[in-house]
Amino acid sequence: VPQRLITLTTDFGLRDHFVAAMKGVILGIEPRARIIDITHEIDPFQITEAAFVVAQVYPFYPRRTVHVAVVDPGVGSERRPILIETAGQFFVGPDNGVFGLVCRQEKSKVRHISNRKYFLENVSNTFHGRDIFAPVAAYLSAGLRPSAFGPAIRDFLVPACAGPEQTGERSWRGTVLKVDRFGNLITNFRADEFAALAARPFRLRIGKRTVKRLAATFSDVAPGMIAVVAGSAGYLEVVANQESVAEKLNSGPGSSVRLILL
Amino acid sequence: VPQRLITLTTDFGLRDHFVAAMKGVILGIEPRARIIDITHEIDPFQITEAAFVVAQVYPFYPRRTVHVAVVDPGVGSERRPILIETAGQFFVGPDNGVFGLVCRQEKSKVRHISNRKYFLENVSNTFHGRDIFAPVAAYLSAGLRPSAFGPAIRDFLVPACAGPEQTGERSWRGTVLKVDRFGNLITNFRADEFAALAARPFRLRIGKRTVKRLAATFSDVAPGMIAVVAGSAGYLEVVANQESVAEKLNSGPGSSVRLILL
Amino acid sequence: VPQRLITLTTDFGLRDHFVAAMKGVILGIEPRARIIDITHEIDPFQITEAAFVVAQVYPFYPRRTVHVAVVDPGVGSERRPILIETAGQFFVGPDNGVFGLVCRQEKSKVRHISNRKYFLENVSNTFHGRDIFAPVAAYLSAGLRPSAFGPAIRDFLVPACAGPEQTGERSWRGTVLKVDRFGNLITNFRADEFAALAARPFRLRIGKRTVKRLAATFSDVAPGMIAVVAGSAGYLEVVANQESVAEKLNSGPGSSVRLILL
């Protein structure tokens with residue numbers, strides 16, 4: 001069973017015609033394509049948020065999946081459309097860092113998508129999701145070789161995506177990467193790199209709050225309390241039990257997080 | 001044509017990576033699966049709301065559909081994952097009442113999902129939707145027998161889901177089960193049990209408002225008025241014509257509803 | 001590869017059971033159907049918004065696609081269910097103008113859907129999406145001839161959908177059709193009819209603001225400025241660079257737009 005999976009990650013929302021127009025273009029070119037919506041609720045223009053979501057999701061998808069991400073404030077400008085081959089999968093979108101967390105993790109080959117033969121006939125200045133990325137994803141899904149779309153490049157954008165900065169022998173300063181729907185704060189401290197939290201006392205400071213407790217899961221946190229868990233995304237998360245920590249602490253993406261191992 | 005339908009009902013929302021990770025896991029195991037989103041907009045942790053939605057939807061799905069519901073405040077705790085066979089379909093999720101309105105309606109067999117062979121290799125404490133429920137649904141959809149997943153149990157949770165309480169010879173006290181997108185109040189009075197409303201005068205009290213009129217459909221209600229209809233979900237609904245009754249009466253799930261047949 | 005595509009456009013939202021019930025009905029009748037969500041986030045009862053979205057999307061879909069649109073304040077009243085054949089595709093929904101922008105663009109044949117054989121057995125008064133439009137779309141997708149569903153009619157609703165009104169030799173008064181997710185104002189000035197904007201100075205007035213600049217794309221607009229672009233939907237749009245013009249100017253659907261060519 002050939003999968004021919006195409007995933008879509010955008011900041012287009014679901015109220016407008018944008019996403020459905022992309023799907024029509026894809027299915028007109030490759031009727032066998034199976035389209036999976038990752039999310040269309042990326043905050044407008046938030047490339048970093050999209051990069052996080054794509055990086056969380058792609059490891060669970062089968063080989064040859066084509067991942068399209070369109071968060072594209074520079075649409076119609078000089079920024080290039082790119083095609084990345086890595087980890088046995090394909091990534092199609094603008095060269096603006098939206099695949100930054102994918103490239104950093106795996107060996108990859110990057111191409112400049114320049115062969116207009118695989119674009120829609122009339123390319124608008126404002127909707128490359130429909131006019132470039134959708135048809136390229138469809139042709140790729142149909143089996144076209146990556147080299148057909150354009151030459152390999154080396155000067156693509158590699159965004160800074162630093163982990164926490166070490167500020168002392170046992171202290172680090174990091175940040176909140178994302179707030180999930182439940183208000184949990186996903187930090188940029190990788191859980192495997194900070195496994196020591198399970199073995200020794202620590203202080204995690206966020207805003208005016210100091211968190212001292214590592215919990216196994218949400219329901220282990222007493223009502224009203226805040227704890228750290230090694231989250232399912234692979235990072236330390238600051239959480240509560242059926243309460244939004246983001247609201248409680250008035251924190252969000254970019255909020256500073258300090259960690260001290262005692 | 002084998003359907004291999006898998007439906008998903010969660011409180012994960014569509015902004016985060018949760019739902020898309022589950023879909024990747026399913027399609028990696030069973031590429032022929034067809035995934036239908038019921039909703040991911042259940043209010044966080046609202047098991048009762050999810051139970052209502054699942055119960056409304058499953059009767060319209062074909063035999064052998066696998067319905068996955070993940071509203072799971074107790075994830076990682078002792079609450080068990082369960083698999084229900086009933087009405088020719090399968091239901092996979094936590095043993096917390098999320099299938100309470102399904103079990104009450106039909107004969108069913110319930111199993112404790114305990115065979116770790118069908119889980120992801122690393123099971124997180126906080127995301128069993130991805131690590132347990134998605135792979136189990138995929139293997140089930142692929143044709144594995146329910147008995148492979150674990151033993152039958154009898155002590156699963158059967159939530160209280162009372163209909164209205166009779167408070168006098170011709171009076172009842174019920175509640176609002178759900179507010180729909182249009183602001184209609186879906187009560188727990190079953191329309192078929194209260195068919196008498198069509199034949200005799202009644203008073204339905206909600207908040208400070210008394211409703212006396214049964215309408216056939218929304219457009220039969222005069223602007224500014226409120227009426228009762230026998231709704232498409234099988235319950236009496238309190239409705240207006242292109243206005244939100246929920247806002248007008250400041251009512252919602254749990255609001256008290258009193259009915260008197262005159 | 002037969003497509004058997006069915007698209008859905010509704011104002012049902014994604015929180016409730018409505019859309020998922022429609023999908024169950026469709027897949028129960030035609031298991032091979034492939035269902036594409038256009039949007040379910042049409043503002044409640046906004047027929048004009050739905051008409052715009054459907055018109056934007058259908059040209060990108062393959063022949064024989066069945067487009068279902070259910071924005072239906074008159075459900076259960078005398079308004080008729082209709083089936084339109086046009087542009088090699090099918091359109092199924094209420095006769096209330098929801099396909100008004102499709103019919104205006106193409107030759108079409110319109111039928112009154114009246115053959116109850118293709119409805120669900122019990123038709124509710126309030127949910128024809130599930131009980132009439134979903135099964136009709138499924139049977140149509142399965143290959144049934146349009147004439148099976150009911151007789152051709154000529155007195156269907158053709159909504160007024162005027163372009164801008166000419167108010168002087170070089171001046172027009174138009175309106176905002178839609179605000180997209182990014183806050184861009186999509187006007188009813190067709191970009192091809194007003195291509196002269198590229199060649200000569202103009203003044204576009206909206207609220208208290210006068211816009212003088214035509215930009216090629218969003219990123220050409222200086223921060224804080226407002227410009228006009230020939231948008232991907234085929235209309236002139238009033239836009240900014242990563243800012244919501246709708247919020248900036250407190251404008252939305254129906255806002256007046258005046259254009260003067262100098």
# chains A, B, ... in the order shown; residues from 1 in each chain; ligands from 1
>>> interface_residues(of="chain C", to="chain A", cutoff="9 Å", atoms="only C-alpha atoms", output="count of residues only")
38
>>> select_by_dssp(residues="segment 43-240 of chain C", states="strand (DSSP E or B)", output="PyMOL selection string")
chain C and resi 66-70+81-86+89-94+108-112+152+165-168+171-179+185-190+202-206+209-211+214+227-230+235-239
>>> atom_distance(atom1="atom CA of Pro201 of chain A", atom2="atom CA of Asn188 of chain A")
19.8 Å
>>> residues_around(residues="segment 189-199 of chain B", least_positions_apart="6", cutoff="7 Å", atoms="only C-alpha atoms", output="list of chain:residue names")
B:Gly163, B:Pro164, B:Gly174, B:Leu214, B:Ala230, B:Gly234, B:Tyr235, B:Leu236
>>> select_by_dssp(residues="segment 38-212 of chain B", states="alpha helix (DSSP H)", output="NGL selection string")
:B and (47-57 or 100-103 or 128 or 134-141)
>>> residues_around(residues="Arg203 of chain C", least_positions_apart="2", cutoff="8 Å", atoms="only C-alpha atoms", output="number ranges by chain")
C: 201, 205, 210-212, 259-262
>>> write_last_selection(atoms="all heavy atoms", output="mmCIF file, in the first residue's frame")
data_model
loop_
_atom_site.group_PDB
_atom_site.id
_atom_site.type_symbol
_atom_site.label_atom_id
_atom_site.label_comp_id
_atom_site.auth_asym_id
_atom_site.auth_seq_id
_atom_site.Cartn_x
_atom_site.Cartn_y
_atom_site.Cartn_z
ATOM 1 N N PRO C 201 -2.314 56.855 -10.830
ATOM 2 C CA PRO C 201 -2.551 57.136 -9.416
ATOM 3 C C PRO C 201 -4.022 56.916 -9.046
ATOM 4 O O PRO C 201 -4.900 57.112 -9.883
ATOM 5 C CB PRO C 201 -2.174 58.607 -9.255
ATOM 6 C CG PRO C 201 -1.842 59.135 -10.593
ATOM 7 C CD PRO C 201 -1.880 58.034 -11.593
ATOM 8 N N ARG C 205 -10.636 54.907 -0.503
ATOM 9 C CA ARG C 205 -11.037 55.387 0.820
ATOM 10 C C ARG C 205 -11.822 54.320 1.554
ATOM 11 O O ARG C 205 -12.782 53.771 1.042
ATOM 12 C CB ARG C 205 -11.910 56.644 0.713
ATOM 13 C CG ARG C 205 -11.151 57.815 0.166
ATOM 14 C CD ARG C 205 -11.559 59.138 0.802
ATOM 15 N NE ARG C 205 -10.661 60.163 0.252
ATOM 16 C CZ ARG C 205 -10.976 60.960 -0.768
ATOM 17 N NH1 ARG C 205 -12.174 60.907 -1.312
ATOM 18 N NH2 ARG C 205 -10.096 61.837 -1.239
ATOM 19 N N THR C 210 -7.241 56.949 3.653
ATOM 20 C CA THR C 210 -7.068 56.980 2.203
ATOM 21 C C THR C 210 -5.804 56.220 1.847
ATOM 22 O O THR C 210 -4.733 56.511 2.368
ATOM 23 C CB THR C 210 -6.953 58.431 1.698
ATOM 24 O OG1 THR C 210 -8.148 59.125 2.047
ATOM 25 C CG2 THR C 210 -6.814 58.455 0.178
ATOM 26 N N VAL C 211 -5.957 55.231 0.979
ATOM 27 C CA VAL C 211 -4.828 54.403 0.572
ATOM 28 C C VAL C 211 -4.460 54.772 -0.852
ATOM 29 O O VAL C 211 -5.331 54.893 -1.711
ATOM 30 C CB VAL C 211 -5.191 52.902 0.660
ATOM 31 C CG1 VAL C 211 -4.000 52.027 0.331
ATOM 32 C CG2 VAL C 211 -5.756 52.569 2.032
ATOM 33 N N LYS C 212 -3.149 54.991 -1.087
ATOM 34 C CA LYS C 212 -2.700 55.481 -2.392
ATOM 35 C C LYS C 212 -1.771 54.514 -3.098
ATOM 36 O O LYS C 212 -1.354 54.760 -4.222
ATOM 37 C CB LYS C 212 -1.932 56.798 -2.221
ATOM 38 C CG LYS C 212 -2.679 57.881 -1.497
ATOM 39 C CD LYS C 212 -1.781 59.124 -1.327
ATOM 40 C CE LYS C 212 -2.493 60.190 -0.520
ATOM 41 N NZ LYS C 212 -1.612 61.350 -0.255
ATOM 42 N N LEU C 259 -13.410 54.146 -4.472
ATOM 43 C CA LEU C 259 -12.203 54.182 -5.298
ATOM 44 C C LEU C 259 -12.305 55.306 -6.313
ATOM 45 O O LEU C 259 -13.336 55.464 -6.986
ATOM 46 C CB LEU C 259 -12.041 52.853 -6.047
ATOM 47 C CG LEU C 259 -10.821 52.785 -6.981
ATOM 48 C CD1 LEU C 259 -9.528 52.712 -6.200
ATOM 49 C CD2 LEU C 259 -10.932 51.597 -7.929
ATOM 50 N N ILE C 260 -11.250 56.096 -6.413
ATOM 51 C CA ILE C 260 -11.173 57.142 -7.435
ATOM 52 C C ILE C 260 -9.889 56.942 -8.230
ATOM 53 O O ILE C 260 -8.808 56.834 -7.643
ATOM 54 C CB ILE C 260 -11.153 58.552 -6.805
ATOM 55 C CG1 ILE C 260 -12.403 58.757 -5.953
ATOM 56 C CG2 ILE C 260 -11.056 59.632 -7.877
ATOM 57 C CD1 ILE C 260 -12.331 60.012 -5.088
ATOM 58 N N LEU C 261 -10.029 56.860 -9.544
ATOM 59 C CA LEU C 261 -8.844 56.843 -10.415
ATOM 60 C C LEU C 261 -8.559 58.284 -10.807
ATOM 61 O O LEU C 261 -9.441 58.964 -11.346
ATOM 62 C CB LEU C 261 -9.110 55.999 -11.661
ATOM 63 C CG LEU C 261 -9.186 54.483 -11.444
ATOM 64 C CD1 LEU C 261 -9.479 53.774 -12.756
ATOM 65 C CD2 LEU C 261 -7.882 53.967 -10.837
ATOM 66 N N LEU C 262 -7.345 58.760 -10.588
ATOM 67 C CA LEU C 262 -7.038 60.180 -10.842
ATOM 68 C C LEU C 262 -6.670 60.420 -12.302
ATOM 69 O O LEU C 262 -6.449 59.482 -13.049
ATOM 70 C CB LEU C 262 -5.907 60.633 -9.927
ATOM 71 C CG LEU C 262 -6.244 60.534 -8.435
ATOM 72 C CD1 LEU C 262 -5.073 61.044 -7.600
ATOM 73 C CD2 LEU C 262 -7.487 61.356 -8.112
#
>>> closest_residue(among="B:Val70, B:Leu5, B:Val98, B:Ile82", to="Ile47 of chain B", atoms="only C-alpha atoms")
B:Val98
>>> atom_distance(atom1="atom CA of Val92 of chain C", atom2="atom CA of Leu144 of chain C")
13.7 Å
>>> atom_distance(atom1="atom CA of Phe91 of chain A", atom2="atom CA of Tyr118 of chain A")
15.9 Å
>>> residues_around(residues="Pro146 of chain B", least_positions_apart="6", cutoff="10 Å", atoms="only C-alpha atoms", output="PyMOL selection string")
chain B and resi 83-85+90+109-111+113+136+139-140+152
>>> residues_around(residues="Val257 of chain C", least_positions_apart="5", cutoff="8 Å", atoms="only C-alpha atoms", output="list in words")
Arg173, Gly174, Thr175, Val176, Thr187, Leu204, Arg205, Ile206 and Gly207 of chain C
>>> write_last_selection(atoms="C-alpha atoms", output="short mmCIF file (atom, residue, chain, number, x, y, z; two decimals), in the first residue's frame")
data_model
loop_
_atom_site.label_atom_id
_atom_site.label_comp_id
_atom_site.auth_asym_id
_atom_site.auth_seq_id
_atom_site.Cartn_x
_atom_site.Cartn_y
_atom_site.Cartn_z
CA ARG C 173 -18.37 52.62 -4.39
CA GLY C 174 -17.87 49.02 -3.34
CA THR C 175 -17.77 46.96 -0.21
CA VAL C 176 -15.69 44.56 1.87
CA THR C 187 -13.16 43.94 -1.44
CA LEU C 204 -9.04 54.16 -2.17
CA ARG C 205 -11.04 55.39 0.82
CA ILE C 206 -12.13 53.11 3.61
CA GLY C 207 -13.39 54.63 6.86
#
